[in-house]
Amino acid sequence: MTLPAGTPQQPEQALALLGAASALGAPDPGSARGPSALEGSGLVASLRAAGRTARWSATLEPSPLSDTAHDMRTSLQVNGAFATRLADAIAGLPAGEFPLVLGGDHAIATGTWRGVGHRIGQAPGLIWIDAHLDSHTAHTTHSGNIHGMPLAALLGEGAPELTDLPGPCLDPARCCVVGARAWEAEEHALLQRLGVRIFTMDEVHRRGLHAVMGDALAITRAGGRGFGLSLDLDALDPGELPAVTCPEPDGLGVASLAAELRRLRACPDFVAMEIVEYRPDLDPDGLCAARIVKLAQSALGRETMPAPSADPSVAKVQ
Ligand SMILES: NC(=[NH2+])NCCC[C@H](N)C(=O)O
């Protein structure tokens, strides 16, 4: 595909890691420790070992008053305020950097992708890899948890606290969900009405993850200036990645997802990535953290090994 002039090229970009230490949208506070745990597990060093320039740019913490939120209006306000700060932080990163946002619960996405849109001057296409649809509004939610609403909010649906943010809303025609297997009827109906393509786990089983990701890339890259990936770790099978707030059986395998994420390395229009819902309190031996690092390396690493040469004399002069 041809890219408009000025479109950032992934290989030249340094990675800017940004922690979003908020569990304001979740029923458990554990995911707020995700960024510090991932920083401590050597994520920056691992990305450098995979051939990238990388730095930890900042970690945003919710204001100390935020966790007093109980009623819906206050929850919407504190989540919206945090998302606005995150959107501003992303929009303010140096132009040559690629944002890698580490949550936090998935409500942070409400800010991430508006900030990315602000950055690239257009709504990004978005691949949303998740067991859930996260497309409730305050009127349809069954649980009252804001982390069940961010995709709807990004599409401009729901309470103004979550939708009135800087940066463009997403275009439903350039969004898709991959790996879905647990939802309530209202959020499914909303995505159907908007025309967002949903690749369920049933479809992944039927067609294979490779074919599904090929379609997902085609949808999200078509006609745009860039696309991103929002990876909710509960998309993965809890047998391999149990350290999440809302595990759902029958998920993606770590190795097969990692293999597909390597395709992103070849996409110059891949503009940002987010990894959410990690719960270090449920990962005492750090096994899940190591798998998360592997997934990040798969998507963002470079092919550092020189191609093998058939001519042994070539090897000598290198
Ligand atoms: N980000 C997540 N883990 N979302 C799970 C949402 C589960 C459920 N649909 C709800 O609205 O509460």
# chains A, B, ... in the order shown; residues from 1 in each chain; ligands from 1
>>> select_by_dssp(residues="segment 80-143 of chain A", states="strand (DSSP E or B)", output="list in words")
Glu97, Phe98, Pro99, Leu100, Val101, Leu102, Gly103, Gly125, Leu126, Ile127, Trp128 and Ile129 of chain A
>>> write_last_selection(atoms="N, CA and C atoms", output="mmCIF file, in the first residue's frame")
data_model
loop_
_atom_site.group_PDB
_atom_site.id
_atom_site.type_symbol
_atom_site.label_atom_id
_atom_site.label_comp_id
_atom_site.auth_asym_id
_atom_site.auth_seq_id
_atom_site.Cartn_x
_atom_site.Cartn_y
_atom_site.Cartn_z
ATOM 1 N N GLU A 97 8.413 8.843 17.974
ATOM 2 C CA GLU A 97 8.325 7.686 18.871
ATOM 3 C C GLU A 97 7.035 6.898 18.665
ATOM 4 N N PHE A 98 7.116 5.621 18.960
ATOM 5 C CA PHE A 98 5.980 4.704 18.836
ATOM 6 C C PHE A 98 5.467 4.411 20.245
ATOM 7 N N PRO A 99 4.219 4.777 20.560
ATOM 8 C CA PRO A 99 3.710 4.534 21.917
ATOM 9 C C PRO A 99 3.373 3.059 22.167
ATOM 10 N N LEU A 100 3.916 2.526 23.257
ATOM 11 C CA LEU A 100 3.502 1.216 23.772
ATOM 12 C C LEU A 100 2.929 1.474 25.163
ATOM 13 N N VAL A 101 1.611 1.350 25.279
ATOM 14 C CA VAL A 101 0.922 1.697 26.532
ATOM 15 C C VAL A 101 0.675 0.420 27.332
ATOM 16 N N LEU A 102 1.049 0.458 28.608
ATOM 17 C CA LEU A 102 0.893 -0.704 29.473
ATOM 18 C C LEU A 102 -0.110 -0.397 30.577
ATOM 19 N N GLY A 103 -1.223 -1.173 30.591
ATOM 20 C CA GLY A 103 -2.240 -0.957 31.634
ATOM 21 C C GLY A 103 -1.886 -1.740 32.869
ATOM 22 N N GLY A 125 -7.090 2.899 12.495
ATOM 23 C CA GLY A 125 -7.757 1.605 12.494
ATOM 24 C C GLY A 125 -7.364 0.889 13.783
ATOM 25 N N LEU A 126 -8.210 -0.033 14.253
ATOM 26 C CA LEU A 126 -7.873 -0.673 15.536
ATOM 27 C C LEU A 126 -8.271 -2.136 15.561
ATOM 28 N N ILE A 127 -7.271 -2.985 15.848
ATOM 29 C CA ILE A 127 -7.524 -4.410 16.104
ATOM 30 C C ILE A 127 -7.645 -4.567 17.614
ATOM 31 N N TRP A 128 -8.777 -5.055 18.057
ATOM 32 C CA TRP A 128 -9.085 -5.174 19.487
ATOM 33 C C TRP A 128 -9.101 -6.664 19.808
ATOM 34 N N ILE A 129 -8.008 -7.181 20.353
ATOM 35 C CA ILE A 129 -7.919 -8.611 20.652
ATOM 36 C C ILE A 129 -8.359 -8.811 22.100
#
>>> closest_atom_pairs(of="chain A", to="ligand 1", cutoff="7 Å", atoms="only C-alpha atoms and all ligand atoms", output="CSV")
residue,atom,partner,partner_atom_place_in_ligand_line,distance
A:Asp105,CA,ligand 1,1 (N),6.2
A:His106,CA,ligand 1,1 (N),4.6
A:Ala107,CA,ligand 1,1 (N),6.8
A:His132,CA,ligand 1,5 (C),5.7
A:Leu133,CA,ligand 1,9 (N),6.9
A:Asp134,CA,ligand 1,4 (N),5.4
A:His136,CA,ligand 1,11 (O),6.3
A:Thr141,CA,ligand 1,11 (O),5.5
A:His142,CA,ligand 1,11 (O),6.1
A:Ser143,CA,ligand 1,12 (O),4.5
A:Gly144,CA,ligand 1,12 (O),6.6
A:Asn145,CA,ligand 1,12 (O),5.3
A:His147,CA,ligand 1,1 (N),4.4
A:Gly148,CA,ligand 1,11 (O),3.7
A:Met149,CA,ligand 1,11 (O),6.7
A:Trp183,CA,ligand 1,9 (N),5.3
A:Glu184,CA,ligand 1,9 (N),6.1
A:Asp232,CA,ligand 1,1 (N),7.0
A:Asp234,CA,ligand 1,3 (N),6.8
A:Thr245,CA,ligand 1,3 (N),6.1
A:Cys246,CA,ligand 1,3 (N),5.0
A:Glu277,CA,ligand 1,3 (N),6.6
>>> write_last_selection(atoms="C-alpha atoms", output="mmCIF file, in the first residue's frame")
data_model
loop_
_atom_site.group_PDB
_atom_site.id
_atom_site.type_symbol
_atom_site.label_atom_id
_atom_site.label_comp_id
_atom_site.auth_asym_id
_atom_site.auth_seq_id
_atom_site.Cartn_x
_atom_site.Cartn_y
_atom_site.Cartn_z
ATOM 1 C CA ASP A 105 -7.474 -2.182 33.098
ATOM 2 C CA HIS A 106 -8.980 -1.884 29.630
ATOM 3 C CA ALA A 107 -10.851 1.355 30.448
ATOM 4 C CA HIS A 132 -14.974 -9.637 25.587
ATOM 5 C CA LEU A 133 -16.537 -6.916 23.455
ATOM 6 C CA ASP A 134 -16.142 -4.096 26.013
ATOM 7 C CA HIS A 136 -21.473 -1.463 26.907
ATOM 8 C CA THR A 141 -23.841 -2.519 31.554
ATOM 9 C CA HIS A 142 -24.754 -5.461 33.769
ATOM 10 C CA SER A 143 -21.728 -5.156 36.055
ATOM 11 C CA GLY A 144 -21.312 -1.381 36.332
ATOM 12 C CA ASN A 145 -17.603 -1.766 35.492
ATOM 13 C CA HIS A 147 -13.653 -1.626 31.677
ATOM 14 C CA GLY A 148 -16.660 -3.215 29.941
ATOM 15 C CA MET A 149 -17.285 0.046 28.000
ATOM 16 C CA TRP A 183 -20.502 -10.902 25.878
ATOM 17 C CA GLU A 184 -23.923 -9.603 26.803
ATOM 18 C CA ASP A 232 -6.467 -7.472 26.348
ATOM 19 C CA ASP A 234 -7.813 -12.177 28.724
ATOM 20 C CA THR A 245 -9.253 -10.007 36.103
ATOM 21 C CA CYS A 246 -11.832 -11.676 33.831
ATOM 22 C CA GLU A 277 -5.480 -6.249 32.238
#
>>> closest_residue(among="A:Gln13, A:Thr200, A:Thr163, A:Thr140", to="Ala81 of chain A", atoms="only C-alpha atoms")
A:Thr163
>>> closest_atom_pairs(of="segment 231-277 of chain A", to="segment 170-181 of chain A", cutoff="12 Å", atoms="only C-alpha atoms", output="JSON lines")
{"residue": "A:Leu231", "atom": "CA", "partner": "A:Val178", "partner_atom": "CA", "distance": 9.6}
{"residue": "A:Asp232", "atom": "CA", "partner": "A:Gly179", "partner_atom": "CA", "distance": 10.0}
{"residue": "A:Leu233", "atom": "CA", "partner": "A:Gly179", "partner_atom": "CA", "distance": 10.7}
{"residue": "A:Asp234", "atom": "CA", "partner": "A:Gly179", "partner_atom": "CA", "distance": 9.4}
{"residue": "A:Ala235", "atom": "CA", "partner": "A:Gly179", "partner_atom": "CA", "distance": 5.9}
{"residue": "A:Leu236", "atom": "CA", "partner": "A:Gly179", "partner_atom": "CA", "distance": 8.3}
{"residue": "A:Asp237", "atom": "CA", "partner": "A:Gly179", "partner_atom": "CA", "distance": 10.2}
{"residue": "A:Cys246", "atom": "CA", "partner": "A:Arg181", "partner_atom": "CA", "distance": 11.9}
{"residue": "A:Pro247", "atom": "CA", "partner": "A:Arg181", "partner_atom": "CA", "distance": 10.8}
{"residue": "A:Glu248", "atom": "CA", "partner": "A:Arg181", "partner_atom": "CA", "distance": 7.7}
{"residue": "A:Pro249", "atom": "CA", "partner": "A:Arg181", "partner_atom": "CA", "distance": 8.6}
{"residue": "A:Asp250", "atom": "CA", "partner": "A:Arg181", "partner_atom": "CA", "distance": 8.2}
{"residue": "A:Gly251", "atom": "CA", "partner": "A:Gly179", "partner_atom": "CA", "distance": 7.0}
{"residue": "A:Leu252", "atom": "CA", "partner": "A:Gly179", "partner_atom": "CA", "distance": 7.0}
{"residue": "A:Gly253", "atom": "CA", "partner": "A:Gly179", "partner_atom": "CA", "distance": 10.8}
{"residue": "A:Leu257", "atom": "CA", "partner": "A:Gly179", "partner_atom": "CA", "distance": 10.4}
>>> residues_around(residues="Ile108 of chain A", least_positions_apart="4", cutoff="9 Å", atoms="only C-alpha atoms", output="tab-separated table (two decimals) with N, CA and C atoms, in the first residue's frame")
chain	number	residue	atom	x	y	z
A	20	ALA	N	0.04	3.06	32.38
A	20	ALA	CA	-1.26	3.64	32.74
A	20	ALA	C	-1.76	2.82	33.93
A	21	ALA	N	-1.38	3.28	35.14
A	21	ALA	CA	-1.54	2.47	36.35
A	21	ALA	C	-2.93	2.64	36.96
A	22	SER	N	-3.94	2.45	36.13
A	22	SER	CA	-5.31	2.63	36.61
A	22	SER	C	-6.08	1.33	36.60
A	23	ALA	N	-6.71	1.03	37.74
A	23	ALA	CA	-7.70	-0.05	37.79
A	23	ALA	C	-9.06	0.55	38.12
A	24	LEU	N	-9.25	1.82	37.77
A	24	LEU	CA	-10.50	2.53	38.09
A	24	LEU	C	-11.71	1.93	37.39
A	25	GLY	N	-11.45	1.19	36.29
A	25	GLY	CA	-12.57	0.62	35.55
A	25	GLY	C	-12.87	-0.82	35.92
A	79	ASN	N	-12.81	7.85	35.55
A	79	ASN	CA	-12.22	7.13	34.41
A	79	ASN	C	-12.00	8.07	33.23
A	80	GLY	N	-12.97	8.96	33.00
A	80	GLY	CA	-12.83	9.92	31.90
A	80	GLY	C	-11.68	10.88	32.15
A	82	PHE	N	-8.97	10.29	33.91
A	82	PHE	CA	-7.71	9.57	33.71
A	82	PHE	C	-7.44	9.38	32.22
A	83	ALA	N	-8.48	9.01	31.48
A	83	ALA	CA	-8.32	8.78	30.03
A	83	ALA	C	-7.89	10.07	29.33
A	86	LEU	N	-4.26	10.53	29.87
A	86	LEU	CA	-3.50	9.57	29.06
A	86	LEU	C	-3.49	10.00	27.59
A	103	GLY	N	-1.22	-1.17	30.59
A	103	GLY	CA	-2.24	-0.96	31.63
A	103	GLY	C	-1.89	-1.74	32.87
A	104	GLY	N	-2.71	-1.57	33.83
A	104	GLY	CA	-4.00	-0.91	33.84
A	104	GLY	C	-5.11	-1.82	33.28
A	112	THR	N	-6.17	6.03	25.30
A	112	THR	CA	-5.06	5.67	24.42
A	112	THR	C	-5.33	6.02	22.96
A	147	HIS	N	-14.51	-0.90	32.63
A	147	HIS	CA	-13.65	-1.63	31.68
A	147	HIS	C	-14.47	-2.50	30.71
A	150	PRO	N	-15.02	0.52	27.05
A	150	PRO	CA	-14.14	1.41	26.30
A	150	PRO	C	-14.31	1.38	24.78
A	276	VAL	N	-3.19	-4.64	28.12
A	276	VAL	CA	-3.95	-4.32	29.34
A	276	VAL	C	-4.39	-5.56	30.11
>>> atom_distance(atom1="atom CA of Leu18 of chain A", atom2="atom CA of Arg221 of chain A")
24.0 Å
>>> atom_distance(atom1="atom CA of Ala58 of chain A", atom2="atom CA of Pro124 of chain A")
22.8 Å
>>> residues_around(residues="segment 119-121 of chain A", least_positions_apart="4", cutoff="12 Å", atoms="only C-alpha atoms", output="PyMOL selection string")
chain A and resi 4-8+87-99+112-115+125+166-169+224-228+269-272
>>> write_last_selection(atoms="N, CA and C atoms", output="short mmCIF file (atom, residue, chain, number, x, y, z; two decimals), in the first residue's frame")
data_model
loop_
_atom_site.label_atom_id
_atom_site.label_comp_id
_atom_site.auth_asym_id
_atom_site.auth_seq_id
_atom_site.Cartn_x
_atom_site.Cartn_y
_atom_site.Cartn_z
N PRO A 4 0.72 8.06 2.88
CA PRO A 4 0.85 9.50 2.69
C PRO A 4 2.21 9.99 3.18
N ALA A 5 2.70 11.07 2.58
CA ALA A 5 3.98 11.62 3.01
C ALA A 5 3.92 11.93 4.50
N GLY A 6 5.02 11.68 5.19
CA GLY A 6 5.07 12.01 6.61
C GLY A 6 4.57 10.91 7.51
N THR A 7 4.04 9.82 6.95
CA THR A 7 3.60 8.72 7.80
C THR A 7 4.80 8.09 8.49
N PRO A 8 4.74 7.93 9.83
CA PRO A 8 5.90 7.38 10.50
C PRO A 8 6.18 5.94 10.07
N ALA A 87 -4.65 10.41 27.09
CA ALA A 87 -4.71 10.87 25.69
C ALA A 87 -3.75 12.04 25.48
N ASP A 88 -3.71 12.97 26.44
CA ASP A 88 -2.82 14.13 26.31
C ASP A 88 -1.35 13.69 26.36
N ALA A 89 -1.05 12.73 27.24
CA ALA A 89 0.34 12.26 27.35
C ALA A 89 0.80 11.61 26.05
N ILE A 90 -0.09 10.83 25.45
CA ILE A 90 0.27 10.15 24.19
C ILE A 90 0.42 11.18 23.06
N ALA A 91 -0.54 12.10 23.00
CA ALA A 91 -0.47 13.13 21.95
C ALA A 91 0.81 13.94 22.09
N GLY A 92 1.32 14.07 23.31
CA GLY A 92 2.50 14.89 23.55
C GLY A 92 3.83 14.17 23.40
N LEU A 93 3.83 12.89 23.10
CA LEU A 93 5.11 12.18 22.90
C LEU A 93 5.82 12.73 21.65
N PRO A 94 7.15 12.72 21.66
CA PRO A 94 7.87 13.19 20.47
C PRO A 94 7.40 12.47 19.20
N ALA A 95 7.37 13.20 18.09
CA ALA A 95 6.78 12.69 16.85
C ALA A 95 7.41 11.40 16.36
N GLY A 96 8.70 11.22 16.61
CA GLY A 96 9.36 10.04 16.07
C GLY A 96 9.20 8.79 16.92
N GLU A 97 8.41 8.84 17.97
CA GLU A 97 8.33 7.69 18.87
C GLU A 97 7.04 6.90 18.67
N PHE A 98 7.12 5.62 18.96
CA PHE A 98 5.98 4.70 18.84
C PHE A 98 5.47 4.41 20.24
N PRO A 99 4.22 4.78 20.56
CA PRO A 99 3.71 4.53 21.92
C PRO A 99 3.37 3.06 22.17
N THR A 112 -6.17 6.03 25.30
CA THR A 112 -5.06 5.67 24.42
C THR A 112 -5.33 6.02 22.96
N TRP A 113 -6.48 5.55 22.46
CA TRP A 113 -6.68 5.62 20.99
C TRP A 113 -7.16 6.98 20.53
N ARG A 114 -7.73 7.77 21.46
CA ARG A 114 -8.03 9.17 21.12
C ARG A 114 -6.70 9.93 21.01
N GLY A 115 -5.79 9.64 21.94
CA GLY A 115 -4.47 10.29 21.90
C GLY A 115 -3.69 9.91 20.64
N GLY A 125 -7.09 2.90 12.49
CA GLY A 125 -7.76 1.61 12.49
C GLY A 125 -7.36 0.89 13.78
N PRO A 166 -10.22 14.67 23.90
CA PRO A 166 -9.52 15.21 22.74
C PRO A 166 -9.14 14.09 21.76
N GLY A 167 -9.14 14.41 20.46
CA GLY A 167 -8.77 13.41 19.46
C GLY A 167 -10.01 12.78 18.84
N PRO A 168 -9.87 12.26 17.62
CA PRO A 168 -11.03 11.72 16.90
C PRO A 168 -11.54 10.40 17.47
N CYS A 169 -12.86 10.17 17.33
CA CYS A 169 -13.44 8.86 17.62
C CYS A 169 -13.03 7.88 16.51
N GLY A 224 -6.40 4.11 5.57
CA GLY A 224 -6.10 4.97 6.70
C GLY A 224 -4.64 5.36 6.75
N ARG A 225 -4.34 6.17 7.73
CA ARG A 225 -2.99 6.68 7.89
C ARG A 225 -2.20 5.83 8.90
N GLY A 226 -2.89 4.91 9.56
CA GLY A 226 -2.22 4.07 10.54
C GLY A 226 -3.23 3.23 11.30
N PHE A 227 -2.72 2.16 11.91
CA PHE A 227 -3.60 1.31 12.71
C PHE A 227 -2.85 0.88 13.96
N GLY A 228 -3.64 0.46 14.97
CA GLY A 228 -3.04 0.04 16.23
C GLY A 228 -3.60 -1.28 16.70
N ASP A 269 2.72 1.12 8.76
CA ASP A 269 1.61 1.93 9.24
C ASP A 269 1.08 1.47 10.60
N PHE A 270 1.81 0.60 11.29
CA PHE A 270 1.47 0.19 12.66
C PHE A 270 1.94 1.31 13.57
N VAL A 271 0.99 2.01 14.24
CA VAL A 271 1.36 3.27 14.90
C VAL A 271 1.35 3.24 16.43
N ALA A 272 0.73 2.24 17.04
CA ALA A 272 0.73 2.20 18.51
C ALA A 272 0.20 0.85 18.97
#
>>> residues_around(residues="segment 205-215 of chain A", least_positions_apart="2", cutoff="8 Å", atoms="only C-alpha atoms", output="list in words")
Val178, Phe199, Met201, Asp202, Glu203, Leu217, Ala218, Ile219, Ser256, Leu257 and Glu260 of chain A
>>> select_by_dssp(residues="segment 45-250 of chain A", states="alpha helix (DSSP H)", output="number ranges by chain")
A: 45-49, 72-91, 109-120, 150-154, 160-163, 185-194, 201-207, 209-221
>>> atom_distance(atom1="atom CA of Ser230 of chain A", atom2="atom CA of Ala49 of chain A")
23.1 Å
>>> closest_residue(among="A:Gly19, A:Gln297, A:Val196, A:Pro268", to="Glu39 of chain A", atoms="only C-alpha atoms")
A:Gly19
>>> residues_around(residues="Trp56 of chain A", least_positions_apart="6", cutoff="7 Å", atoms="only C-alpha atoms", output="PyMOL selection string")
chain A and resi 16-18+44
>>> write_last_selection(atoms="N, CA and C atoms", output="short mmCIF file (atom, residue, chain, number, x, y, z; two decimals), in the first residue's frame")
data_model
loop_
_atom_site.label_atom_id
_atom_site.label_comp_id
_atom_site.auth_asym_id
_atom_site.auth_seq_id
_atom_site.Cartn_x
_atom_site.Cartn_y
_atom_site.Cartn_z
N ALA A 16 8.34 4.29 22.92
CA ALA A 16 8.12 5.04 24.16
C ALA A 16 7.10 4.26 24.99
N LEU A 17 7.57 3.65 26.08
CA LEU A 17 6.66 2.88 26.92
C LEU A 17 6.00 3.83 27.91
N LEU A 18 4.69 3.67 28.05
CA LEU A 18 3.94 4.57 28.91
C LEU A 18 3.06 3.72 29.82
N VAL A 44 11.73 -3.22 29.00
CA VAL A 44 12.53 -2.31 28.15
C VAL A 44 13.77 -3.04 27.64
#
